[in-house]
file structure_36.json (JSON, C-alpha atoms)
[["chain", "number", "residue", "atom", "x", "y", "z"],
["A", 1, "MET", "CA", 48.65, -5.18, -63.38],
["A", 2, "SER", "CA", 50.54, -2.68, -65.44],
["A", 3, "ALA", "CA", 53.22, -0.59, -63.78],
["A", 4, "SER", "CA", 51.51, 2.50, -65.15],
["A", 5, "LEU", "CA", 48.58, 2.14, -62.76],
["A", 6, "ASN", "CA", 48.59, 4.73, -60.04],
["A", 7, "MET", "CA", 50.15, 3.74, -56.70],
["A", 8, "ASN", "CA", 46.83, 4.72, -55.10],
["A", 9, "ILE", "CA", 45.25, 1.62, -56.64],
["A", 10, "HIS", "CA", 47.91, -0.58, -55.03],
["A", 11, "GLU", "CA", 47.37, 1.14, -51.68],
["A", 12, "GLU", "CA", 43.60, 0.74, -52.00],
["A", 13, "HIS", "CA", 43.96, -3.00, -52.64],
["A", 14, "MET", "CA", 46.41, -3.38, -49.77],
["A", 15, "ARG", "CA", 43.95, -1.60, -47.49],
["A", 16, "ARG", "CA", 41.30, -4.10, -48.55],
["A", 17, "ALA", "CA", 43.67, -6.94, -47.59],
["A", 18, "VAL", "CA", 44.23, -5.27, -44.20],
["A", 19, "GLU", "CA", 40.45, -4.85, -43.71],
["A", 20, "ALA", "CA", 39.92, -8.53, -44.50],
["A", 21, "ALA", "CA", 42.62, -9.43, -41.97],
["A", 22, "PHE", "CA", 40.95, -7.34, -39.27],
["A", 23, "GLU", "CA", 37.60, -9.01, -40.05],
["A", 24, "GLY", "CA", 39.00, -12.53, -39.78],
["A", 25, "MET", "CA", 41.12, -11.80, -36.72],
["A", 26, "ARG", "CA", 38.29, -10.12, -34.79],
["A", 27, "ALA", "CA", 35.96, -13.00, -35.66],
["A", 28, "ARG", "CA", 38.60, -15.41, -34.28],
["A", 29, "ARG", "CA", 38.80, -17.17, -37.65],
["A", 30, "GLY", "CA", 42.56, -16.73, -37.96],
["A", 31, "GLY", "CA", 45.64, -14.72, -37.28],
["A", 32, "PRO", "CA", 46.33, -11.14, -38.41],
["A", 33, "PHE", "CA", 46.63, -11.91, -42.10],
["A", 34, "GLY", "CA", 44.70, -10.87, -45.18],
["A", 35, "ALA", "CA", 45.17, -10.98, -48.92],
["A", 36, "ALA", "CA", 43.61, -9.39, -51.97],
["A", 37, "LEU", "CA", 43.97, -10.34, -55.61],
["A", 38, "ALA", "CA", 43.65, -7.97, -58.57],
["A", 39, "ASP", "CA", 43.37, -8.94, -62.23],
["A", 40, "PRO", "CA", 45.67, -7.50, -64.92],
["A", 41, "SER", "CA", 43.41, -4.45, -65.39],
["A", 42, "GLY", "CA", 43.66, -3.64, -61.67],
["A", 43, "GLU", "CA", 40.14, -4.80, -60.80],
["A", 44, "LEU", "CA", 39.89, -6.41, -57.36],
["A", 45, "VAL", "CA", 38.87, -10.05, -57.80],
["A", 46, "VAL", "CA", 38.86, -11.33, -54.23],
["A", 47, "ALA", "CA", 39.80, -10.35, -50.69],
["A", 48, "ALA", "CA", 40.33, -13.02, -48.06],
["A", 49, "HIS", "CA", 41.50, -13.49, -44.51],
["A", 50, "ASN", "CA", 43.37, -16.22, -42.72],
["A", 51, "GLU", "CA", 41.04, -19.07, -41.77],
["A", 52, "VAL", "CA", 43.41, -21.39, -39.89],
["A", 53, "LEU", "CA", 41.61, -21.16, -36.55],
["A", 54, "GLY", "CA", 38.07, -21.29, -37.94],
["A", 55, "THR", "CA", 38.72, -24.33, -40.11],
["A", 56, "ARG", "CA", 41.42, -25.95, -37.94],
["A", 57, "ASP", "CA", 43.31, -26.36, -41.23],
["A", 58, "CYS", "CA", 46.94, -25.20, -41.10],
["A", 59, "THR", "CA", 46.99, -24.51, -44.86],
["A", 60, "MET", "CA", 44.23, -21.89, -44.81],
["A", 61, "HIS", "CA", 46.55, -18.89, -44.87],
["A", 62, "ALA", "CA", 45.05, -15.74, -46.39],
["A", 63, "GLU", "CA", 47.13, -15.96, -49.56],
["A", 64, "VAL", "CA", 46.07, -19.57, -50.16],
["A", 65, "VAL", "CA", 42.41, -18.74, -49.47],
["A", 66, "ALA", "CA", 42.57, -15.88, -51.99],
["A", 67, "LEU", "CA", 44.23, -18.07, -54.64],
["A", 68, "ARG", "CA", 41.62, -20.80, -54.15],
["A", 69, "ARG", "CA", 38.76, -18.30, -54.45],
["A", 70, "ALA", "CA", 40.18, -16.84, -57.66],
["A", 71, "GLY", "CA", 38.79, -19.85, -59.51],
["A", 72, "ARG", "CA", 41.68, -20.00, -61.98],
["A", 73, "LEU", "CA", 44.86, -22.02, -62.20],
["A", 74, "ASP", "CA", 46.92, -19.51, -64.16],
["A", 75, "LEU", "CA", 47.12, -16.05, -62.64],
["A", 76, "ARG", "CA", 49.74, -14.52, -64.93],
["A", 77, "GLY", "CA", 49.33, -10.76, -64.95],
["A", 78, "TYR", "CA", 47.55, -10.78, -61.58],
["A", 79, "THR", "CA", 48.77, -8.94, -58.49],
["A", 80, "LEU", "CA", 48.47, -10.34, -54.98],
["A", 81, "TYR", "CA", 48.47, -8.08, -51.92],
["A", 82, "ALA", "CA", 49.39, -9.71, -48.61],
["A", 83, "THR", "CA", 49.45, -8.12, -45.18],
["A", 84, "GLY", "CA", 52.58, -10.06, -44.20],
["A", 85, "PHE", "CA", 55.64, -11.39, -45.95],
["A", 86, "PRO", "CA", 54.51, -14.80, -47.23],
["A", 87, "CYS", "CA", 55.59, -17.99, -45.53],
["A", 88, "VAL", "CA", 57.31, -20.77, -47.46],
["A", 89, "MET", "CA", 54.00, -22.54, -48.18],
["A", 90, "CYS", "CA", 52.29, -19.39, -49.45],
["A", 91, "LEU", "CA", 55.24, -18.38, -51.58],
["A", 92, "GLY", "CA", 55.15, -21.82, -53.18],
["A", 93, "ALA", "CA", 51.43, -21.45, -53.89],
["A", 94, "ILE", "CA", 51.95, -17.95, -55.32],
["A", 95, "LEU", "CA", 54.65, -19.27, -57.65],
["A", 96, "TRP", "CA", 52.54, -22.27, -58.71],
["A", 97, "ALA", "CA", 49.60, -19.94, -59.46],
["A", 98, "ARG", "CA", 51.92, -17.86, -61.67],
["A", 99, "VAL", "CA", 51.00, -14.58, -59.95],
["A", 100, "SER", "CA", 53.09, -11.82, -61.55],
["A", 101, "VAL", "CA", 53.42, -9.28, -58.72],
["A", 102, "LEU", "CA", 53.27, -9.67, -54.96],
["A", 103, "TYR", "CA", 53.00, -6.67, -52.66],
["A", 104, "TYR", "CA", 53.38, -7.28, -48.95],
["A", 105, "CYS", "CA", 52.81, -4.80, -46.13],
["A", 106, "ASN", "CA", 54.44, -6.02, -42.91],
["A", 107, "ASP", "CA", 57.94, -7.40, -43.15],
["A", 108, "TYR", "CA", 59.27, -10.69, -41.85],
["A", 109, "ALA", "CA", 60.59, -9.22, -38.59],
["A", 110, "MET", "CA", 57.21, -7.65, -37.79],
["A", 111, "THR", "CA", 55.48, -10.95, -38.47],
["A", 112, "ALA", "CA", 57.93, -12.77, -36.18],
["A", 113, "ARG", "CA", 57.24, -10.26, -33.40],
["A", 114, "ALA", "CA", 53.52, -11.04, -33.82],
["A", 115, "GLY", "CA", 54.30, -14.65, -32.90],
["A", 116, "PHE", "CA", 54.73, -16.12, -36.38],
["A", 117, "ASP", "CA", 58.44, -16.80, -36.62],
["A", 118, "ASP", "CA", 59.25, -19.13, -39.49],
["A", 119, "ALA", "CA", 63.01, -19.22, -38.85],
["A", 120, "ALA", "CA", 62.99, -22.95, -38.02],
["A", 121, "PHE", "CA", 60.97, -23.71, -41.16],
["A", 122, "LEU", "CA", 63.40, -21.69, -43.26],
["A", 123, "GLU", "CA", 66.32, -23.62, -41.78],
["A", 124, "ASP", "CA", 64.59, -26.92, -42.59],
["A", 125, "VAL", "CA", 63.88, -25.80, -46.15],
["A", 126, "GLY", "CA", 67.52, -24.78, -46.44],
["A", 127, "ARG", "CA", 68.63, -28.24, -45.40],
["A", 128, "VAL", "CA", 66.30, -29.86, -47.92],
["A", 129, "PHE", "CA", 67.39, -27.64, -50.80],
["A", 130, "HIS", "CA", 71.03, -27.20, -49.68],
["A", 131, "CYS", "CA", 70.83, -23.45, -49.30],
["A", 132, "SER", "CA", 70.58, -20.84, -46.57],
["A", 133, "PRO", "CA", 67.20, -19.21, -47.12],
["A", 134, "SER", "CA", 66.39, -15.94, -45.51],
["A", 135, "PRO", "CA", 63.57, -13.59, -46.39],
["A", 136, "ALA", "CA", 64.45, -10.65, -48.56],
["A", 137, "GLY", "CA", 62.68, -7.33, -48.78],
["A", 138, "GLU", "CA", 62.17, -6.95, -52.50],
["A", 139, "VAL", "CA", 63.02, -9.50, -55.14],
["A", 140, "GLU", "CA", 62.73, -9.70, -58.90],
["A", 141, "LEU", "CA", 62.34, -13.34, -59.91],
["A", 142, "PRO", "CA", 61.96, -14.30, -63.57],
["A", 143, "ASN", "CA", 58.17, -14.57, -63.20],
["A", 144, "LEU", "CA", 57.38, -12.86, -59.89],
["A", 145, "SER", "CA", 58.16, -9.40, -58.63],
["A", 146, "ILE", "CA", 58.03, -9.07, -54.82],
["A", 147, "ARG", "CA", 57.67, -5.52, -53.49],
["A", 148, "ARG", "CA", 57.01, -3.96, -50.12],
["A", 149, "LEU", "CA", 54.06, -1.61, -49.72],
["A", 150, "PHE", "CA", 54.00, -0.57, -46.09],
["A", 151, "LEU", "CA", 50.89, 1.09, -44.70],
["A", 152, "PRO", "CA", 50.36, 2.18, -41.06],
["A", 153, "GLU", "CA", 47.12, 0.18, -41.05],
["A", 154, "GLY", "CA", 49.19, -2.97, -41.49],
["A", 155, "ALA", "CA", 51.28, -2.19, -38.43],
["A", 156, "ALA", "CA", 48.07, -1.45, -36.49],
["A", 157, "LEU", "CA", 46.82, -4.90, -37.44],
["A", 158, "TYR", "CA", 49.77, -6.57, -35.73],
["A", 159, "GLU", "CA", 49.54, -4.20, -32.76],
["A", 160, "GLU", "CA", 45.92, -5.21, -32.18],
["A", 161, "TRP", "CA", 46.82, -8.89, -32.54],
["A", 162, "ASN", "CA", 49.63, -8.54, -30.01],
["A", 163, "SER", "CA", 47.28, -6.81, -27.54],
["A", 164, "MET", "CA", 44.64, -9.58, -27.70],
["A", 165, "GLN", "CA", 44.76, -11.47, -24.41],
["A", 166, "ASP", "CA", 43.03, -14.56, -25.75],
["A", 167, "ARG", "CA", 44.74, -14.87, -29.12],
["A", 168, "GLU", "CA", 45.63, -18.39, -30.20],
["A", 169, "LEU", "CA", 49.10, -18.76, -31.65],
["A", 170, "TYR", "CA", 49.67, -21.55, -34.10]]

call {"tool": "encode", "arguments": {"input": "structure_36.json", "output": "structure tokens"}}
result
Amino acid sequence: MSASLNMNIHEEHMRRAVEAAFEGMRARRGGPFGAALADPSGELVVAAHNEVLGTRDCTMHAEVVALRRAGRLDLRGYTLYATGFPCVMCLGAILWARVSVLYYCNDYAMTARAGFDDAAFLEDVGRVFHCSPSPAGEVELPNLSIRRLFLPEGAALYEEWNSMQDRELY
């Protein structure tokens, strides 16, 4: 999506990702995560929610579900909107799909407070690749721009998740 598109479009797409997350979470299909994918013209292609609990498949994170539903292997020029900072698996899938821009709403610390702390995974990945990975806020990679787009609705998503007495952590 071109940088000249109005920020309102990005916010609208992030809100759709948040709505999808609420839908999936309230239906007990998954955790408080949603994603939306827009094509290079800014048109919303797909919105998805986490489906880990509904499918009992640990790979069905919202970002992965959205990428699968896109129906394309090469997503150059596309923008992905995620309600949380992506985990290691999702970031790998985003890079393999060649998504150009990733906006995330809730940062890594917020996600950890919601019960999804990937610190041990990051340490393991660091040992495998001989580095000390830690999540960054905004990053410009050669083929992927990662930017934060915080919305209060995203924080409300995690607040509702944290208040659910019968939530299933995974």

call {"tool": "residues_around", "arguments": {"input": "structure_36.json", "residues": "range 91-98 of chain A", "least_positions_apart": "4", "cutoff": "12 Å", "atoms": "all atoms listed in the file", "output": "ChimeraX atom specification"}}
result
/A:35,37,59-68,70-82,84-87,102-104,125,135,141-146

call {"tool": "write_last_selection", "arguments": {"input": "structure_36.json", "atoms": "C-alpha atoms", "output": "mmCIF file, in the frame of the given file"}}
result
data_model
loop_
_atom_site.group_PDB
_atom_site.id
_atom_site.type_symbol
_atom_site.label_atom_id
_atom_site.label_comp_id
_atom_site.auth_asym_id
_atom_site.auth_seq_id
_atom_site.Cartn_x
_atom_site.Cartn_y
_atom_site.Cartn_z
ATOM 1 C CA ALA A 35 45.170 -10.980 -48.920
ATOM 2 C CA LEU A 37 43.970 -10.340 -55.610
ATOM 3 C CA THR A 59 46.990 -24.510 -44.860
ATOM 4 C CA MET A 60 44.230 -21.890 -44.810
ATOM 5 C CA HIS A 61 46.550 -18.890 -44.870
ATOM 6 C CA ALA A 62 45.050 -15.740 -46.390
ATOM 7 C CA GLU A 63 47.130 -15.960 -49.560
ATOM 8 C CA VAL A 64 46.070 -19.570 -50.160
ATOM 9 C CA VAL A 65 42.410 -18.740 -49.470
ATOM 10 C CA ALA A 66 42.570 -15.880 -51.990
ATOM 11 C CA LEU A 67 44.230 -18.070 -54.640
ATOM 12 C CA ARG A 68 41.620 -20.800 -54.150
ATOM 13 C CA ALA A 70 40.180 -16.840 -57.660
ATOM 14 C CA GLY A 71 38.790 -19.850 -59.510
ATOM 15 C CA ARG A 72 41.680 -20.000 -61.980
ATOM 16 C CA LEU A 73 44.860 -22.020 -62.200
ATOM 17 C CA ASP A 74 46.920 -19.510 -64.160
ATOM 18 C CA LEU A 75 47.120 -16.050 -62.640
ATOM 19 C CA ARG A 76 49.740 -14.520 -64.930
ATOM 20 C CA GLY A 77 49.330 -10.760 -64.950
ATOM 21 C CA TYR A 78 47.550 -10.780 -61.580
ATOM 22 C CA THR A 79 48.770 -8.940 -58.490
ATOM 23 C CA LEU A 80 48.470 -10.340 -54.980
ATOM 24 C CA TYR A 81 48.470 -8.080 -51.920
ATOM 25 C CA ALA A 82 49.390 -9.710 -48.610
ATOM 26 C CA GLY A 84 52.580 -10.060 -44.200
ATOM 27 C CA PHE A 85 55.640 -11.390 -45.950
ATOM 28 C CA PRO A 86 54.510 -14.800 -47.230
ATOM 29 C CA CYS A 87 55.590 -17.990 -45.530
ATOM 30 C CA LEU A 102 53.270 -9.670 -54.960
ATOM 31 C CA TYR A 103 53.000 -6.670 -52.660
ATOM 32 C CA TYR A 104 53.380 -7.280 -48.950
ATOM 33 C CA VAL A 125 63.880 -25.800 -46.150
ATOM 34 C CA PRO A 135 63.570 -13.590 -46.390
ATOM 35 C CA LEU A 141 62.340 -13.340 -59.910
ATOM 36 C CA PRO A 142 61.960 -14.300 -63.570
ATOM 37 C CA ASN A 143 58.170 -14.570 -63.200
ATOM 38 C CA LEU A 144 57.380 -12.860 -59.890
ATOM 39 C CA SER A 145 58.160 -9.400 -58.630
ATOM 40 C CA ILE A 146 58.030 -9.070 -54.820
#

call {"tool": "atom_distance", "arguments": {"input": "structure_36.json", "atom1": "CA of Gly31 in chain A", "atom2": "CA of Pro133 in chain A"}}
result
24.1 Å

call {"tool": "residues_around", "arguments": {"input": "structure_36.json", "residues": "Asn162 in chain A", "least_positions_apart": "5", "cutoff": "12 Å", "atoms": "all atoms listed in the file", "output": "mmCIF file with C-alpha atoms, in the coordinates of the input"}}
result
data_model
loop_
_atom_site.group_PDB
_atom_site.id
_atom_site.type_symbol
_atom_site.label_atom_id
_atom_site.label_comp_id
_atom_site.auth_asym_id
_atom_site.auth_seq_id
_atom_site.Cartn_x
_atom_site.Cartn_y
_atom_site.Cartn_z
ATOM 1 C CA MET A 25 41.120 -11.800 -36.720
ATOM 2 C CA GLY A 31 45.640 -14.720 -37.280
ATOM 3 C CA PRO A 32 46.330 -11.140 -38.410
ATOM 4 C CA MET A 110 57.210 -7.650 -37.790
ATOM 5 C CA THR A 111 55.480 -10.950 -38.470
ATOM 6 C CA ALA A 112 57.930 -12.770 -36.180
ATOM 7 C CA ARG A 113 57.240 -10.260 -33.400
ATOM 8 C CA ALA A 114 53.520 -11.040 -33.820
ATOM 9 C CA GLY A 115 54.300 -14.650 -32.900
ATOM 10 C CA PHE A 116 54.730 -16.120 -36.380
ATOM 11 C CA ALA A 155 51.280 -2.190 -38.430
ATOM 12 C CA ALA A 156 48.070 -1.450 -36.490
ATOM 13 C CA LEU A 157 46.820 -4.900 -37.440
ATOM 14 C CA ARG A 167 44.740 -14.870 -29.120
ATOM 15 C CA GLU A 168 45.630 -18.390 -30.200
ATOM 16 C CA LEU A 169 49.100 -18.760 -31.650
#

call {"tool": "residues_around", "arguments": {"input": "structure_36.json", "residues": "range 55-58 of chain A", "least_positions_apart": "4", "cutoff": "10 Å", "atoms": "only C-alpha atoms", "output": "PyMOL selection string"}}
result
chain A and resi 29-30+50-51+170

call {"tool": "atom_distance", "arguments": {"input": "structure_36.json", "atom1": "CA of His49 in chain A", "atom2": "CA of Glu23 in chain A"}}
result
7.4 Å

call {"tool": "closest_residue", "arguments": {"input": "structure_36.json", "among": "A:Pro40, A:Gly34, A:Gly24, A:Gly126", "to": "Gly54 in chain A", "atoms": "only C-alpha atoms"}}
result
A:Gly24

call {"tool": "atom_distance", "arguments": {"input": "structure_36.json", "atom1": "CA of Ser134 in chain A", "atom2": "CA of Glu19 in chain A"}}
result
28.3 Å

call {"tool": "residues_around", "arguments": {"input": "structure_36.json", "residues": "Asp124 in chain A", "least_positions_apart": "6", "cutoff": "12 Å", "atoms": "all atoms listed in the file", "output": "PDB file with C-alpha atoms, keeping the file's coordinate frame"}}
result
ATOM      1  CA  VAL A  88      57.310 -20.770 -47.460  1.00  0.00           C
ATOM      2  CA  ASP A 118      59.250 -19.130 -39.490  1.00  0.00           C
ATOM      3  CA  HIS A 130      71.030 -27.200 -49.680  1.00  0.00           C
ATOM      4  CA  CYS A 131      70.830 -23.450 -49.300  1.00  0.00           C
ATOM      5  CA  SER A 132      70.580 -20.840 -46.570  1.00  0.00           C
ATOM      6  CA  PRO A 133      67.200 -19.210 -47.120  1.00  0.00           C
ATOM      7  CA  SER A 134      66.390 -15.940 -45.510  1.00  0.00           C
TER       8      SER A 134
END

call {"tool": "closest_residue", "arguments": {"input": "structure_36.json", "among": "A:Tyr108, A:Val101, A:Gly137, A:Gly42", "to": "Asn8 in chain A", "atoms": "all atoms listed in the file"}}
result
A:Gly42

call {"tool": "closest_residue", "arguments": {"input": "structure_36.json", "among": "A:Ala36, A:Met89, A:Met14, A:Cys105", "to": "Tyr158 in chain A", "atoms": "all atoms listed in the file"}}
result
A:Cys105
